[in-house]
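A.B. asks: Sharing a structure with you now.
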Amino acid sequence: MIVKICGITNYEDALAAVEAGASAIGFNFYQDSSRYIAPTGAAIISGRITPYVWKVGIFVNEGAESIARIALHAALDIVQLYGTSEARGIRIWRACPASDPPTVFINDETVEAILLDTPAHYLYGGTGTTFDWSLAKGLSKNVIIAGGLDADNVRQAILEAQPWGVDACSRLEKSPGLKDHDKMRKFIKAALET
């Protein structure tokens, strides 16, 4: 089970996620997000944590050249793409609203995984609300589910969706961009024990 903690903005939160057993941490490079981190900040964190935890960059409507430049600078392993974003030469997770079957990405060999998130008008994740997890079950691609997950519901989500991974952010926070380490530990433990 891949467990990703998204919206990392500081080293203390990154370290707590790693020590709790997270498989991946997410850096949000979308400047309109309250969880935005500058590439240099992400690079400093990436350089201080174990290389065995994947560093994922979140991009919204970003061009391939810009993504490549940031990915190199911040030592990213994976890019998570929203909207019209494009990338080459790096592992790609394509984020899609759960209500919109991502047929085009299922057949795209350059896409390693599909991240299904709660649909929201004009928002790219971070809603803190769940969706019908059964929509994720049976897709012929690695599926990561996101949207409103925490320690109280992640076991049920995994049982219903049978995903490759889970991703959480807003329900594990004290305030946008600042994680509650206890909630984070409980979420990761529940996901890994399911």
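Residues in the structure tokens are numbered from 1 in each chain, the chains being A, B, ... in the order shown, and ligands are numbered from 1 in the order shown.
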DSSP on the backbone, then: every residue of segment 18-192 of chain A marked helix (DSSP H, G or I), written as JSON, numbers by chain.

C.D. replies: {"A": [18, 19, 20, 39, 40, 41, 42, 43, 44, 45, 46, 47, 48, 64, 65, 66, 67, 68, 69, 70, 71, 72, 73, 103, 104, 105, 106, 133, 134, 135, 136, 154, 155, 156, 157, 158, 159, 160, 161, 170, 171, 172, 181, 182, 183, 184, 185, 186, 187, 188, 189, 190, 191, 192]}

A.B. asks: Do a neighbour search on Asp150 of chain A at 12 Å with only C-alpha atoms, toss out local chain neighbours closer than 6 positions, and write the hits as a ChimeraX atom specification.

C.D. replies: /A:3-5,128-130,156-158,166-173,180,182-191

A.B. asks: Listing only residues of segment 76-153 of chain A within 7 Å of segment 56-61 of chain A, what is the closest atom pair and its distance in Å (to one decimal) for each, using only C-alpha atoms, sorted by chain and residue number ascending, as a Markdown table?

C.D. replies:
| residue | atom | partner | partner_atom | distance |
| --- | --- | --- | --- | --- |
| A:Leu76 | CA | A:Val56 | CA | 5.8 |
| A:Asp77 | CA | A:Val56 | CA | 6.1 |
| A:Ile78 | CA | A:Val56 | CA | 4.7 |
| A:Val79 | CA | A:Gly57 | CA | 4.8 |
| A:Gln80 | CA | A:Ile58 | CA | 4.8 |
| A:Leu81 | CA | A:Phe59 | CA | 5.2 |
| A:Tyr82 | CA | A:Val60 | CA | 4.7 |
| A:Gly83 | CA | A:Asn61 | CA | 5.1 |
| A:Thr84 | CA | A:Asn61 | CA | 4.5 |
| A:Ser85 | CA | A:Asn61 | CA | 4.4 |

A.B. asks: In terms of the shortest atom-to-atom distance over only C-alpha atoms, which of A:Asn10, A:Pro163, A:Ala87, A:Ile67 is closest to Ala113 of chain A?

C.D. replies: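 Closest to Ala113 of chain A, using only C-alpha atoms: A:Pro163.
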
A.B. asks: For Val104 of chain A, list every protein, DNA or RNA residue within 12 Å, evaluated using only C-alpha atoms, and leave out those in the same chain fewer than 4 positions away; present the list as a PyMOL selection string.

C.D. replies: chain A and resi 94+96+100+108-111+114+140-141

A.B. asks: Hey, which of A:Ile49, A:Ala74, A:Asp132, A:Glu160 ends up closest to Ala16 of chain A? Count only C-alpha atoms.

C.D. replies: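 Closest to Ala16 of chain A, using only C-alpha atoms: A:Ile49.
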
A.B. asks: Can you measure atom CA of Lys55 of chain A to atom CA of Ile37 of chain A for me? One decimal in Å is fine.

C.D. replies: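 Separation of atom CA of Lys55 of chain A and atom CA of Ile37 of chain A: 13.1 Å.
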
A.B. asks: Write out as an MDAnalysis selection string all residues of segment 5-172 of chain A that DSSP puts in strand (DSSP E or B) for this structure's backbone.

C.D. replies: chainID A and resid 5 24:28 36 54:60 78:82 91:97 111:117 142:146 165:168
